[in-house]
>>> print(open('input_3.cif').read())   # mmCIF, C-alpha atoms and all ligand atoms
data_entry
loop_
_atom_site.label_atom_id
_atom_site.label_comp_id
_atom_site.auth_asym_id
_atom_site.auth_seq_id
_atom_site.Cartn_x
_atom_site.Cartn_y
_atom_site.Cartn_z
CA MET Y 1 -21.08 23.99 1.24
CA THR Y 2 -17.54 23.03 0.31
CA CYS Y 3 -16.64 19.70 -1.23
CA VAL Y 4 -13.43 18.07 -2.45
CA ASP Y 5 -14.20 19.23 -5.99
CA ASP Y 6 -13.65 22.84 -4.89
CA PHE Y 7 -9.94 22.09 -4.53
CA ARG Y 8 -7.20 21.01 -6.94
CA LEU Y 9 -3.82 19.40 -6.37
CA ASP Y 10 -0.99 21.14 -8.25
CA LEU Y 11 1.79 18.68 -8.89
CA GLY Y 12 4.53 18.76 -11.51
CA GLY Y 13 2.81 21.52 -13.47
CA LYS Y 14 -0.48 19.61 -13.68
CA GLN Y 15 -3.74 19.84 -11.79
CA TYR Y 16 -5.53 16.86 -10.30
CA ILE Y 17 -8.67 16.15 -8.31
CA PRO Y 18 -7.05 16.09 -4.85
CA LEU Y 19 -7.70 12.39 -4.27
CA MET Y 20 -5.03 9.73 -4.26
CA VAL Y 21 -5.96 6.08 -4.00
CA GLY Y 22 -3.12 4.64 -1.91
CA GLY Y 23 -0.95 1.67 -2.86
CA MET Y 24 -2.19 -1.66 -1.53
CA GLY Y 25 0.08 -4.65 -2.00
CA VAL Y 26 -0.03 -7.42 -3.14
CA ASP Y 27 -2.10 -6.29 -6.12
CA ILE Y 28 -5.03 -5.19 -3.94
CA SER Y 29 -4.66 -1.80 -5.62
CA THR Y 30 -4.79 -3.31 -9.08
CA SER Y 31 -3.93 -1.57 -12.32
CA ARG Y 32 -7.66 -1.42 -12.99
CA LEU Y 33 -8.28 0.49 -9.77
CA ALA Y 34 -5.35 2.85 -10.29
CA LEU Y 35 -6.41 3.47 -13.89
CA GLU Y 36 -9.93 4.38 -12.78
CA ALA Y 37 -8.57 6.97 -10.35
CA ALA Y 38 -6.44 8.40 -13.16
CA ARG Y 39 -9.32 8.39 -15.64
CA LEU Y 40 -11.41 10.38 -13.16
CA GLY Y 41 -8.68 12.98 -12.75
CA GLY Y 42 -7.11 11.83 -9.50
CA ILE Y 43 -4.02 9.75 -8.78
CA GLY Y 44 -4.06 5.97 -8.43
CA HIS Y 45 -1.33 3.67 -7.20
CA ILE Y 46 -0.22 0.25 -8.23
CA SER Y 47 2.18 -1.54 -5.90
CA ASP Y 48 5.40 -3.28 -6.86
CA ALA Y 49 5.15 -5.73 -3.95
CA LEU Y 50 5.77 -9.30 -5.15
CA SER Y 51 5.83 -7.99 -8.72
CA MET Y 52 7.05 -11.34 -10.06
CA SER Y 53 4.05 -13.13 -8.64
CA VAL Y 54 1.72 -10.41 -9.89
CA THR Y 55 3.04 -10.54 -13.46
CA ASP Y 56 2.94 -14.35 -13.44
CA ARG Y 57 -0.73 -14.11 -12.54
CA LEU Y 58 -1.63 -11.27 -14.91
CA TYR Y 59 0.59 -11.93 -17.91
CA ARG Y 60 1.37 -15.62 -17.58
CA THR Y 61 5.10 -15.10 -17.16
CA GLY Y 62 7.10 -17.74 -15.32
CA TYR Y 63 9.32 -15.75 -12.97
CA LEU Y 64 8.42 -17.62 -9.78
CA LYS Y 65 8.78 -20.99 -11.43
CA SER Y 66 12.22 -20.12 -12.69
CA ARG Y 67 13.17 -18.79 -9.24
CA THR Y 68 11.92 -21.96 -7.56
CA LEU Y 69 13.80 -24.21 -9.99
CA ARG Y 70 16.99 -22.23 -9.43
CA ASN Y 71 16.68 -22.49 -5.66
CA ARG Y 72 15.52 -26.07 -5.51
CA GLY Y 73 17.66 -28.17 -3.29
CA PRO Y 74 17.52 -29.90 0.01
CA LEU Y 75 15.13 -28.00 2.27
CA ASN Y 76 17.37 -26.88 5.06
CA ASP Y 77 15.97 -26.78 8.56
CA THR Y 78 17.56 -23.48 9.51
CA ASN Y 79 16.31 -19.98 9.97
CA GLN Y 80 18.32 -18.67 7.05
CA ARG Y 81 17.81 -18.79 3.29
CA ASP Y 82 20.49 -18.12 0.70
CA VAL Y 83 18.13 -17.54 -2.20
CA PRO Y 84 19.06 -14.30 -3.99
CA PHE Y 85 16.76 -12.72 -6.56
CA ASP Y 86 17.76 -12.59 -10.18
CA LEU Y 87 18.00 -8.85 -10.74
CA GLY Y 88 17.34 -9.15 -14.47
CA GLU Y 89 14.10 -11.00 -13.86
CA LEU Y 90 13.09 -8.55 -11.15
CA ARG Y 91 13.63 -5.68 -13.57
CA GLU Y 92 11.64 -7.41 -16.31
CA ALA Y 93 8.72 -8.18 -14.02
CA THR Y 94 8.55 -4.64 -12.62
CA MET Y 95 8.83 -3.09 -16.08
CA LEU Y 96 6.12 -5.35 -17.41
CA HIS Y 97 3.69 -4.51 -14.61
CA VAL Y 98 4.38 -0.78 -14.91
CA SER Y 99 4.50 -0.48 -18.70
CA LYS Y 100 1.34 -2.54 -19.27
CA THR Y 101 -0.48 -0.32 -16.78
CA MET Y 102 0.79 2.88 -18.30
CA GLU Y 103 -0.15 1.77 -21.84
CA SER Y 104 -3.77 1.58 -20.70
CA LYS Y 105 -3.87 4.94 -19.00
CA ARG Y 106 -6.61 7.30 -20.15
CA GLY Y 107 -7.82 10.61 -18.80
CA PRO Y 108 -6.24 13.54 -17.02
CA GLY Y 109 -4.99 11.84 -13.86
CA ALA Y 110 -1.78 9.98 -12.99
CA VAL Y 111 -0.65 6.52 -11.96
CA PHE Y 112 2.06 6.17 -9.34
CA VAL Y 113 3.70 3.07 -7.87
CA ASN Y 114 4.03 2.36 -4.17
CA VAL Y 115 7.50 1.00 -3.34
CA MET Y 116 8.06 -0.44 0.13
CA GLU Y 117 11.62 -0.34 1.42
CA LYS Y 118 10.86 -3.15 3.86
CA LEU Y 119 10.66 -5.65 1.02
CA THR Y 120 14.35 -6.31 1.43
CA MET Y 121 14.52 -9.29 -0.97
CA SER Y 122 17.88 -10.73 0.24
CA ALA Y 123 19.77 -7.69 -1.07
CA PRO Y 124 18.02 -4.52 0.10
CA ARG Y 125 20.04 -1.94 -1.82
CA GLU Y 126 20.46 -3.78 -5.08
CA THR Y 127 16.87 -4.94 -5.39
CA LEU Y 128 15.45 -1.56 -4.40
CA LYS Y 129 17.57 0.16 -7.04
CA VAL Y 130 16.34 -2.27 -9.69
CA ARG Y 131 12.70 -1.77 -8.65
CA LEU Y 132 12.95 2.03 -8.67
CA ASP Y 133 14.84 2.23 -11.97
CA ALA Y 134 12.48 -0.25 -13.62
CA ALA Y 135 9.44 1.73 -12.52
CA LEU Y 136 10.90 4.92 -14.00
CA ASP Y 137 12.02 3.17 -17.19
CA GLY Y 138 8.60 1.54 -17.50
CA GLY Y 139 7.06 5.03 -17.69
CA ILE Y 140 5.40 5.42 -14.29
CA ASP Y 141 4.19 8.96 -13.55
CA GLY Y 142 5.47 8.91 -9.98
CA ILE Y 143 6.91 6.81 -7.16
CA THR Y 144 5.67 6.86 -3.58
CA LEU Y 145 8.39 5.61 -1.24
CA SER Y 146 6.82 3.74 1.66
CA ALA Y 147 7.33 1.33 4.58
CA GLY Y 148 10.82 2.40 5.60
CA LEU Y 149 12.89 5.52 6.08
CA HIS Y 150 14.20 5.46 2.50
CA LEU Y 151 17.25 7.49 3.49
CA GLY Y 152 19.34 6.25 0.58
CA SER Y 153 16.58 5.72 -2.00
CA LEU Y 154 16.98 8.97 -3.94
CA GLU Y 155 20.72 8.43 -4.26
CA LEU Y 156 20.06 5.00 -5.79
CA ILE Y 157 18.27 6.51 -8.79
CA ALA Y 158 20.09 9.83 -9.09
CA GLU Y 159 21.54 8.76 -12.45
CA ASN Y 160 18.21 7.71 -13.93
CA PRO Y 161 17.26 10.06 -16.82
CA ARG Y 162 13.79 10.48 -15.27
CA PHE Y 163 15.10 11.32 -11.80
CA ARG Y 164 14.09 14.96 -12.07
CA ASP Y 165 10.98 14.68 -14.22
CA ALA Y 166 8.99 11.87 -12.51
CA GLN Y 167 7.08 12.76 -9.37
CA LEU Y 168 8.81 11.35 -6.28
CA GLY Y 169 7.14 11.35 -2.90
CA ILE Y 170 7.54 9.73 0.49
CA ILE Y 171 5.16 8.45 3.15
CA VAL Y 172 6.05 9.47 6.69
CA SER Y 173 4.28 9.21 10.02
CA SER Y 174 6.18 11.97 11.80
CA ALA Y 175 7.95 15.27 11.15
CA ARG Y 176 11.07 13.67 12.61
CA ALA Y 177 11.17 10.97 9.93
CA LEU Y 178 10.66 13.61 7.25
CA ALA Y 179 13.50 15.74 8.65
CA LEU Y 180 15.90 12.78 8.31
CA PHE Y 181 14.76 12.13 4.75
CA LEU Y 182 15.12 15.79 3.74
CA ARG Y 183 18.66 15.89 5.06
CA ARG Y 184 19.63 13.04 2.74
CA ALA Y 185 17.61 14.49 -0.15
CA ARG Y 186 19.76 17.63 0.01
CA ARG Y 187 22.80 15.54 -0.91
CA VAL Y 188 21.33 14.84 -4.32
CA GLU Y 189 19.69 18.25 -4.55
CA ARG Y 190 16.35 16.60 -5.13
CA MET Y 191 13.52 17.37 -2.73
CA PRO Y 192 10.43 15.16 -2.73
CA ASP Y 193 7.57 16.46 -4.88
CA TYR Y 194 4.96 15.52 -2.26
CA VAL Y 195 4.79 14.12 1.24
CA VAL Y 196 2.07 11.68 2.30
CA VAL Y 197 1.52 11.88 6.05
CA GLU Y 198 0.06 8.59 7.19
CA GLY Y 199 -1.66 8.65 10.54
CA PRO Y 200 -2.53 5.89 13.02
CA LEU Y 201 -5.85 4.88 11.45
CA ALA Y 202 -4.44 3.70 8.10
CA GLY Y 203 -4.38 0.19 6.70
CA GLY Y 204 -1.29 -1.87 6.00
CA HIS Y 205 1.86 -1.34 8.07
CA LEU Y 206 1.90 1.53 10.54
CA GLY Y 207 4.63 3.93 11.58
CA PHE Y 208 3.45 3.78 15.21
CA GLY Y 209 3.73 1.32 18.08
CA THR Y 210 0.98 -1.17 18.93
CA ASP Y 211 0.44 0.61 22.24
CA ASP Y 212 0.86 4.27 21.26
CA TRP Y 213 -1.12 4.56 18.02
CA GLN Y 214 -4.22 5.60 19.97
CA GLN Y 215 -2.39 8.67 21.26
CA ALA Y 216 -1.34 9.86 17.80
CA ASP Y 217 -3.57 12.13 15.77
CA LEU Y 218 -3.31 12.71 12.02
CA MET Y 219 -4.22 16.41 12.09
CA THR Y 220 -1.50 17.12 14.68
CA ILE Y 221 1.15 15.27 12.67
CA VAL Y 222 0.08 17.04 9.48
CA ARG Y 223 0.48 20.38 11.24
CA GLU Y 224 3.94 19.39 12.53
CA VAL Y 225 4.99 18.34 9.03
CA MET Y 226 3.72 21.62 7.56
CA ASP Y 227 5.58 23.57 10.26
CA LEU Y 228 8.77 21.69 9.48
CA LEU Y 229 8.47 22.37 5.76
CA ALA Y 230 7.77 26.06 6.41
CA LYS Y 231 10.80 26.26 8.71
CA GLU Y 232 12.94 24.68 5.99
CA GLY Y 233 11.56 27.14 3.43
CA LEU Y 234 10.11 24.30 1.36
CA SER Y 235 6.82 24.45 -0.49
CA ILE Y 236 5.95 20.77 -0.88
CA PRO Y 237 2.38 19.44 -1.11
CA VAL Y 238 1.32 17.59 2.04
CA ILE Y 239 -1.15 14.73 1.62
CA PRO Y 240 -2.75 13.27 4.78
CA ALA Y 241 -3.82 9.61 4.85
CA GLY Y 242 -5.51 7.27 7.29
CA GLY Y 243 -9.12 7.32 8.41
CA ILE Y 244 -10.37 9.87 5.85
CA PHE Y 245 -13.69 8.18 5.27
CA THR Y 246 -15.95 10.86 3.76
CA GLY Y 247 -15.54 13.78 1.41
CA THR Y 248 -16.10 16.04 4.40
CA ASP Y 249 -13.23 14.40 6.29
CA ALA Y 250 -11.11 15.22 3.25
CA VAL Y 251 -12.34 18.82 3.11
CA ASN Y 252 -11.34 19.28 6.77
CA PHE Y 253 -7.75 18.63 5.76
CA LEU Y 254 -7.89 20.53 2.45
CA GLU Y 255 -9.22 23.64 4.24
CA ARG Y 256 -6.27 23.47 6.60
CA GLY Y 257 -3.70 23.53 3.84
CA ALA Y 258 -3.41 19.89 2.75
CA ALA Y 259 -2.83 19.61 -1.00
CA ALA Y 260 -4.80 16.36 -1.41
CA VAL Y 261 -5.74 13.29 0.64
CA GLN Y 262 -4.76 9.65 0.24
CA VAL Y 263 -7.47 7.06 0.86
CA ALA Y 264 -7.66 3.30 0.54
CA THR Y 265 -10.12 1.41 2.76
CA ARG Y 266 -13.24 2.71 0.98
CA PHE Y 267 -11.84 1.31 -2.28
CA THR Y 268 -11.09 -2.19 -0.90
CA VAL Y 269 -14.67 -3.28 -1.57
CA THR Y 270 -14.96 -1.85 -5.07
CA LYS Y 271 -15.30 -4.11 -8.07
CA GLU Y 272 -11.89 -3.02 -9.36
CA CYS Y 273 -10.03 -3.88 -6.13
CA GLY Y 274 -7.92 -7.05 -6.25
CA LEU Y 275 -9.30 -8.72 -3.12
CA PRO Y 276 -11.43 -11.77 -3.86
CA ASP Y 277 -15.17 -11.05 -3.61
CA ASN Y 278 -15.63 -13.24 -0.54
CA VAL Y 279 -12.94 -11.20 1.27
CA LYS Y 280 -14.68 -7.97 0.25
CA GLN Y 281 -17.83 -9.35 1.90
CA ILE Y 282 -15.81 -10.07 5.07
CA TYR Y 283 -14.56 -6.47 5.10
CA LEU Y 284 -18.11 -5.22 4.65
CA GLY Y 285 -19.40 -7.39 7.46
CA ALA Y 286 -16.64 -6.45 9.93
CA GLY Y 287 -17.34 -4.73 13.25
CA LEU Y 288 -14.99 -2.55 15.30
CA ALA Y 289 -14.22 -5.44 17.66
CA ASP Y 290 -12.94 -7.48 14.69
CA VAL Y 291 -10.02 -5.11 14.01
CA GLU Y 292 -6.62 -5.15 15.69
CA VAL Y 293 -3.19 -3.59 15.37
CA ASN Y 294 -0.73 -6.41 15.96
CA THR Y 295 2.90 -7.40 15.59
CA GLN Y 296 2.28 -10.35 13.30
CA SER Y 297 4.21 -8.85 10.38
CA PRO Y 298 7.79 -10.13 10.14
CA THR Y 299 8.86 -6.70 8.84
CA GLY Y 300 8.93 -5.44 12.42
CA TYR Y 301 6.22 -2.83 11.75
CA PRO Y 302 2.83 -3.07 13.44
CA MET Y 303 0.03 -3.86 11.03
CA ARG Y 304 -3.73 -3.35 11.18
CA MET Y 305 -5.82 -6.34 10.15
CA LEU Y 306 -8.98 -8.24 10.89
CA LYS Y 307 -8.53 -10.76 13.69
CA SER Y 308 -10.13 -13.35 11.42
CA SER Y 309 -7.23 -13.18 8.92
CA PRO Y 310 -6.54 -16.83 8.04
CA ALA Y 311 -2.81 -16.06 8.09
CA ILE Y 312 -2.84 -15.62 11.88
CA GLY Y 313 -1.81 -18.83 13.59
CA SER Y 314 -1.05 -20.59 10.30
CA ASN Y 315 1.97 -22.90 10.44
CA ILE Y 316 2.70 -22.90 6.74
CA ARG Y 317 6.18 -24.00 5.71
CA PRO Y 318 8.28 -20.95 4.77
CA ASN Y 319 8.24 -20.52 1.02
CA CYS Y 320 11.32 -18.33 0.53
CA GLU Y 321 12.69 -20.45 -2.30
CA THR Y 322 9.80 -19.11 -4.36
CA LEU Y 323 8.79 -15.85 -2.67
CA GLY Y 324 11.28 -14.67 -0.02
CA PHE Y 325 10.54 -10.97 -0.50
CA ILE Y 326 11.12 -10.14 3.16
CA LEU Y 327 14.48 -11.88 3.57
CA ASP Y 328 17.15 -9.48 4.75
CA ALA Y 329 20.73 -9.33 3.48
CA GLU Y 330 21.61 -12.35 5.65
CA GLY Y 331 18.70 -14.41 4.33
CA HIS Y 332 16.74 -13.91 7.51
CA CYS Y 333 13.03 -13.33 8.14
CA LYS Y 334 11.32 -13.22 11.53
CA TYR Y 335 8.74 -15.76 10.39
CA LEU Y 336 11.57 -18.27 9.89
CA ASP Y 337 12.61 -17.79 13.53
CA SER Y 338 9.06 -18.30 14.75
CA TYR Y 339 8.44 -21.25 12.49
CA TYR Y 340 11.53 -23.15 13.64
CA ALA Y 341 10.94 -22.21 17.29
CA THR Y 342 7.46 -23.75 17.14
CA SER Y 343 7.40 -27.36 18.22
CA ASP Y 344 5.35 -30.24 16.88
CA ASP Y 345 2.17 -31.50 18.45
CA PRO Y 346 3.30 -34.61 20.41
CA GLU Y 347 0.09 -36.43 19.48
CA THR Y 348 -0.15 -35.77 15.77
CA GLY Y 349 3.50 -35.00 15.04
CA ARG Y 350 2.31 -31.95 13.12
CA LYS Y 351 3.69 -28.49 13.71
CA LEU Y 352 1.68 -26.44 16.19
CA PRO Y 353 0.27 -23.07 15.09
CA VAL Y 354 2.91 -20.37 14.72
CA ILE Y 355 1.43 -17.73 16.92
CA ASP Y 356 3.60 -14.62 16.90
CA LYS Y 357 4.38 -14.01 13.21
CA VAL Y 358 2.71 -14.65 9.88
CA CYS Y 359 4.38 -15.77 6.68
CA LEU Y 360 3.61 -12.43 5.06
CA CYS Y 361 4.74 -13.25 1.51
CA THR Y 362 2.72 -16.44 1.22
CA HIS Y 363 -0.37 -15.08 2.88
CA MET Y 364 -0.45 -11.60 1.32
CA ASN Y 365 0.04 -13.28 -2.03
CA ALA Y 366 -3.07 -15.40 -1.37
CA PHE Y 367 -5.11 -12.55 0.19
CA ARG Y 368 -5.13 -14.24 3.60
CA VAL Y 369 -3.98 -11.19 5.56
CA TYR Y 370 -7.07 -9.03 5.85
CA THR Y 371 -5.30 -5.73 6.33
CA CYS Y 372 -7.59 -2.72 6.50
CA GLY Y 373 -7.95 0.78 7.83
CA HIS Y 374 -9.48 1.44 11.25
CA TYR Y 375 -12.84 2.40 9.72
CA VAL Y 376 -13.31 -0.89 7.91
CA TYR Y 377 -16.30 -1.42 10.19
CA ARG Y 378 -18.01 1.57 8.56
CA LEU Y 379 -17.86 0.12 5.05
CA LYS Y 380 -21.34 -1.30 5.49
CA GLU Y 381 -22.60 2.32 5.60
CA THR Y 382 -21.31 2.84 2.07
CA THR Y 383 -23.41 0.30 0.20
CA ARG Y 384 -26.60 -1.72 0.39
CA LEU Y 385 -27.51 -5.33 0.92
CA GLU Y 386 -28.63 -7.32 -2.10
CA ASP Y 387 -31.62 -9.65 -1.99
CA ASP Y 388 -29.28 -12.62 -1.55
CA GLY Y 389 -27.96 -11.13 1.70
CA ARG Y 390 -24.60 -10.13 0.22
CA TYR Y 391 -23.42 -6.55 0.09
CA HIS Y 392 -23.47 -4.81 -3.26
CA LEU Y 393 -19.91 -4.04 -4.42
CA PRO Y 394 -19.69 -0.47 -5.72
CA ASP Y 395 -17.66 0.68 -8.72
CA ALA Y 396 -14.48 2.61 -7.99
CA GLU Y 397 -16.04 5.48 -9.96
CA HIS Y 398 -18.92 5.64 -7.51
CA VAL Y 399 -16.61 5.80 -4.48
CA PHE Y 400 -14.35 8.34 -6.18
CA TRP Y 401 -17.28 10.59 -7.00
CA ASP Y 402 -18.67 10.18 -3.50
CA TYR Y 403 -15.40 11.55 -2.09
CA GLN Y 404 -15.30 14.26 -4.74
CA PHE Y 405 -18.80 15.66 -4.43
CA SER Y 406 -20.27 14.64 -1.10
CA GLN Y 407 -21.02 17.22 1.57
CA ASP Y 408 -21.88 17.20 5.24
CA HIS Y 409 -20.46 13.68 5.77
CA ARG Y 410 -23.14 12.20 3.55
CA ILE Y 411 -22.27 8.95 1.83
CA ALA Y 412 -24.19 8.25 -1.39
CA LEU Y 413 -25.22 4.61 -1.68
CA PRO Y 414 -24.60 2.97 -5.03
CA SER Y 415 -27.72 2.22 -6.97
CA THR Y 416 -27.83 -1.49 -7.77
CA ARG Y 417 -28.92 -0.73 -11.34
CA SER Y 418 -26.74 2.21 -12.14
CA GLU Y 419 -23.63 3.33 -10.34
CA THR Y 420 -24.02 6.76 -11.77
CA ALA Y 421 -26.59 8.04 -9.31
CA LEU Y 422 -24.12 10.68 -8.26
CA ALA Y 423 -23.18 11.89 -11.72
C1 LIG D 501 -5.74 -3.39 2.15
C2 LIG D 501 -4.69 -2.34 2.34
C3 LIG D 501 -3.40 -2.59 1.92
C4 LIG D 501 -2.41 -1.59 2.04
N1 LIG D 501 -1.16 -1.84 1.58
C5 LIG D 501 -0.24 -0.85 1.58
C6 LIG D 501 1.02 -1.05 0.96
O1 LIG D 501 1.30 -2.09 0.36
N2 LIG D 501 1.92 -0.02 1.02
C7 LIG D 501 1.62 1.17 1.63
O2 LIG D 501 2.45 2.07 1.66
N3 LIG D 501 0.42 1.38 2.22
C8 LIG D 501 -0.50 0.41 2.17
N4 LIG D 501 -1.76 0.65 2.70
C9 LIG D 501 -2.06 2.00 3.21
C10 LIG D 501 -2.83 2.84 2.17
O3 LIG D 501 -2.09 3.04 1.01
C11 LIG D 501 -3.31 4.20 2.70
O4 LIG D 501 -2.27 5.09 2.94
C12 LIG D 501 -4.15 4.12 3.97
O5 LIG D 501 -4.77 2.89 4.16
C13 LIG D 501 -5.20 5.24 3.92
O6 LIG D 501 -6.08 5.14 5.00
P1 LIG D 501 -7.58 4.57 4.84
O7 LIG D 501 -7.42 3.15 4.45
O8 LIG D 501 -8.16 4.77 6.18
O9 LIG D 501 -8.27 5.36 3.77
C14 LIG D 501 -2.75 -0.35 2.61
C15 LIG D 501 -4.06 -0.11 3.05
C16 LIG D 501 -5.02 -1.08 2.91
C17 LIG D 501 -6.42 -0.79 3.37
#
>>> encode(input="input_3.cif", output="structure tokens")
Amino acid sequence: MTCVDDFRLDLGGKQYIPLMVGGMGVDISTSRLALEAARLGGIGHISDALSMSVTDRLYRTGYLKSRTLRNRGPLNDTNQRDVPFDLGELREATMLHVSKTMESKRGPGAVFVNVMEKLTMSAPRETLKVRLDAALDGGIDGITLSAGLHLGSLELIAENPRFRDAQLGIIVSSARALALFLRRARRVERMPDYVVVEGPLAGGHLGFGTDDWQQADLMTIVREVMDLLAKEGLSIPVIPAGGIFTGTDAVNFLERGAAAVQVATRFTVTKECGLPDNVKQIYLGAGLADVEVNTQSPTGYPMRMLKSSPAIGSNIRPNCETLGFILDAEGHCKYLDSYYATSDDPETGRKLPVIDKVCLCTHMNAFRVYTCGHYVYRLKETTRLEDDGRYHLPDAEHVFWDYQFSQDHRIALPSTRSETALA
């Protein structure tokens, strides 16, 4: 019987196990997790979301402190913030995160970075260019362009010396979005090296509406994307993502011409994942009824998360002087609108819960948005309960090997003593 290991991904003249661990910001897909995927011969992602906060935490830099000091002033009660990012600091932070990760890389696989266009950071074009250039200059193997159409992204880095040697890919949720991107890519005569097709069951932000995601189907979109590429005479690896929960799910796509698969939710509960352990237990304990696709994200994209996410209904004061990663070019974020439109409780004088948007920067940074793929409720099938009633957290290696070798939808449980039961 066929398993993922019977296939290989050919990319940039190299061969990989056709498994990509998707980017999960903010530092949910840690360097450690990405490096494990690379060590095992696949492709792992770090994310550059809130890179200054991530490097402050990991390498004791002081980027956020310096940003806060620079922007300190009277707190203005308006729904706008004029708090630009220091591009030099942004470059330093991104380079540090990327180069430290790449220095530790071992094994035959690759480490890519997930770069979300929707992190507009008060100056969308300028900050995106800095982030992309810094990732390339920091030695990243590849960049996955996500959360946005990225129509101008390739042009921004066309002068970078690594523009043609690094792997550059895009995440799309429709053939239409890919067609628009390809048209712009032709201008710089640089086609993407791979296309991730993210379906409606993925975690994070979705490229579907809150009411139509149920009608969309990953296999259909993958076929439409393949048809488009064939029509355009392009031979570009297509990598489906979203709801691929077992090795057999992956094989179903690989047998139909996919070059690899991108997965994430199964890795959220691994030891190497950046979520705090208590949040991993919440993911493991979740049921289907606990999951929703909502419009809480101020980016304007629907997002899948657990209903119990502490961010929902929080009335935290906007923290753009320090974070502010979602501010647009006018210093605007939809959470600011909601926050200032929410009145105070007449009895306590305290602000009432902000119900329609979450402060995504603050809460993602503190792991209080429990974003997850649709099949989060199946995670409990992938491990065992310990004597203390908590779920055992598997190693990333165990989950990787389970995808790589499992057949017939079987999921190998990690042994509590040794994770290498599958080896
Ligand atoms: C916790 C979590 C965070 C995510 N964050 C991001 C992100 O920052 N950027 C992105 O492009 N995709 C993000 N995703 C999507 C994944 O990279 C991946 O494409 C998708 O979740 C795969 O589907 P699966 O989770 O069902 O395996 C996230 C997914 C999860 C579960």
>>> residues_around(input="input_3.cif", residues="stretch 135-138 of chain Y", least_positions_apart="3", cutoff="7 Å", atoms="only C-alpha atoms", output="list of chain:residue names")
Y:Thr94, Y:Met95, Y:Val98, Y:Ser99, Y:Arg131, Y:Leu132, Y:Arg162
>>> write_last_selection(input="input_3.cif", atoms="C-alpha atoms", output="compact mmCIF listing (two decimals), in the coordinates of the input")
# COMPACT_ATOMS: atom_id res chain seq x y z
CA THR Y 94 8.55 -4.64 -12.62
CA MET Y 95 8.83 -3.09 -16.08
CA VAL Y 98 4.38 -0.78 -14.91
CA SER Y 99 4.50 -0.48 -18.70
CA ARG Y 131 12.70 -1.77 -8.65
CA LEU Y 132 12.95 2.03 -8.67
CA ARG Y 162 13.79 10.48 -15.27
>>> residues_near_ligand(input="input_3.cif", ligand="ligand LIG 501 (chain D)", cutoff="8 Å", atoms="all atoms listed in the file", output="ChimeraX atom specification")
/Y:21-26,28-29,47,49,114-116,144-147,171,196,198-199,201-205,241-245,262-266,268,370-376
>>> closest_residue(input="input_3.cif", among="Y:Ser308, Y:Gln404, Y:Ser104, Y:Asn278", to="Y:Tyr391", atoms="all atoms listed in the file")
Y:Asn278
>>> closest_atom_pairs(input="input_3.cif", of="stretch 232-331 of chain Y", to="stretch 4-9 of chain Y", cutoff="6 Å", atoms="all atoms listed in the file", output="Markdown table")
| residue | atom | partner | partner_atom | distance |
| --- | --- | --- | --- | --- |
| Y:Val251 | CA | Y:Val4 | CA | 5.7 |
| Y:Ala259 | CA | Y:Leu9 | CA | 5.5 |
| Y:Ala260 | CA | Y:Leu9 | CA | 5.9 |
>>> closest_residue(input="input_3.cif", among="Y:Gly148, Y:Gly300, Y:Gly42, Y:Gly107", to="Y:Leu180", atoms="only C-alpha atoms")
Y:Gly148
>>> closest_residue(input="input_3.cif", among="Y:Glu255, Y:Glu89, Y:Glu321, Y:Asp249", to="Y:Asp408", atoms="all atoms listed in the file")
Y:Asp249
>>> closest_residue(input="input_3.cif", among="Y:Gln80, Y:Ser51, Y:Ser406, Y:Asn160", to="Y:Thr127", atoms="all atoms listed in the file")
Y:Ser51
>>> closest_atom_pairs(input="input_3.cif", of="stretch 254-325 of chain Y", to="stretch 62-69 of chain Y", cutoff="10 Å", atoms="all atoms listed in the file", output="CSV")
residue,atom,partner,partner_atom,distance
Y:Asn319,CA,Y:Thr68,CA,9.4
Y:Cys320,CA,Y:Thr68,CA,8.9
Y:Glu321,CA,Y:Thr68,CA,5.5
Y:Thr322,CA,Y:Thr68,CA,4.8
Y:Leu323,CA,Y:Leu64,CA,7.3
>>> atom_distance(input="input_3.cif", atom1="atom CA of Y:Lys271", atom2="atom CA of Y:Arg32")
9.5 Å
>>> closest_residue(input="input_3.cif", among="Y:Leu35, Y:Val83, Y:Val130, Y:Ala366", to="Y:Val279", atoms="only C-alpha atoms")
Y:Ala366
>>> atom_distance(input="input_3.cif", atom1="atom CA of Y:Pro353", atom2="atom CA of Y:Asn294")
16.7 Å
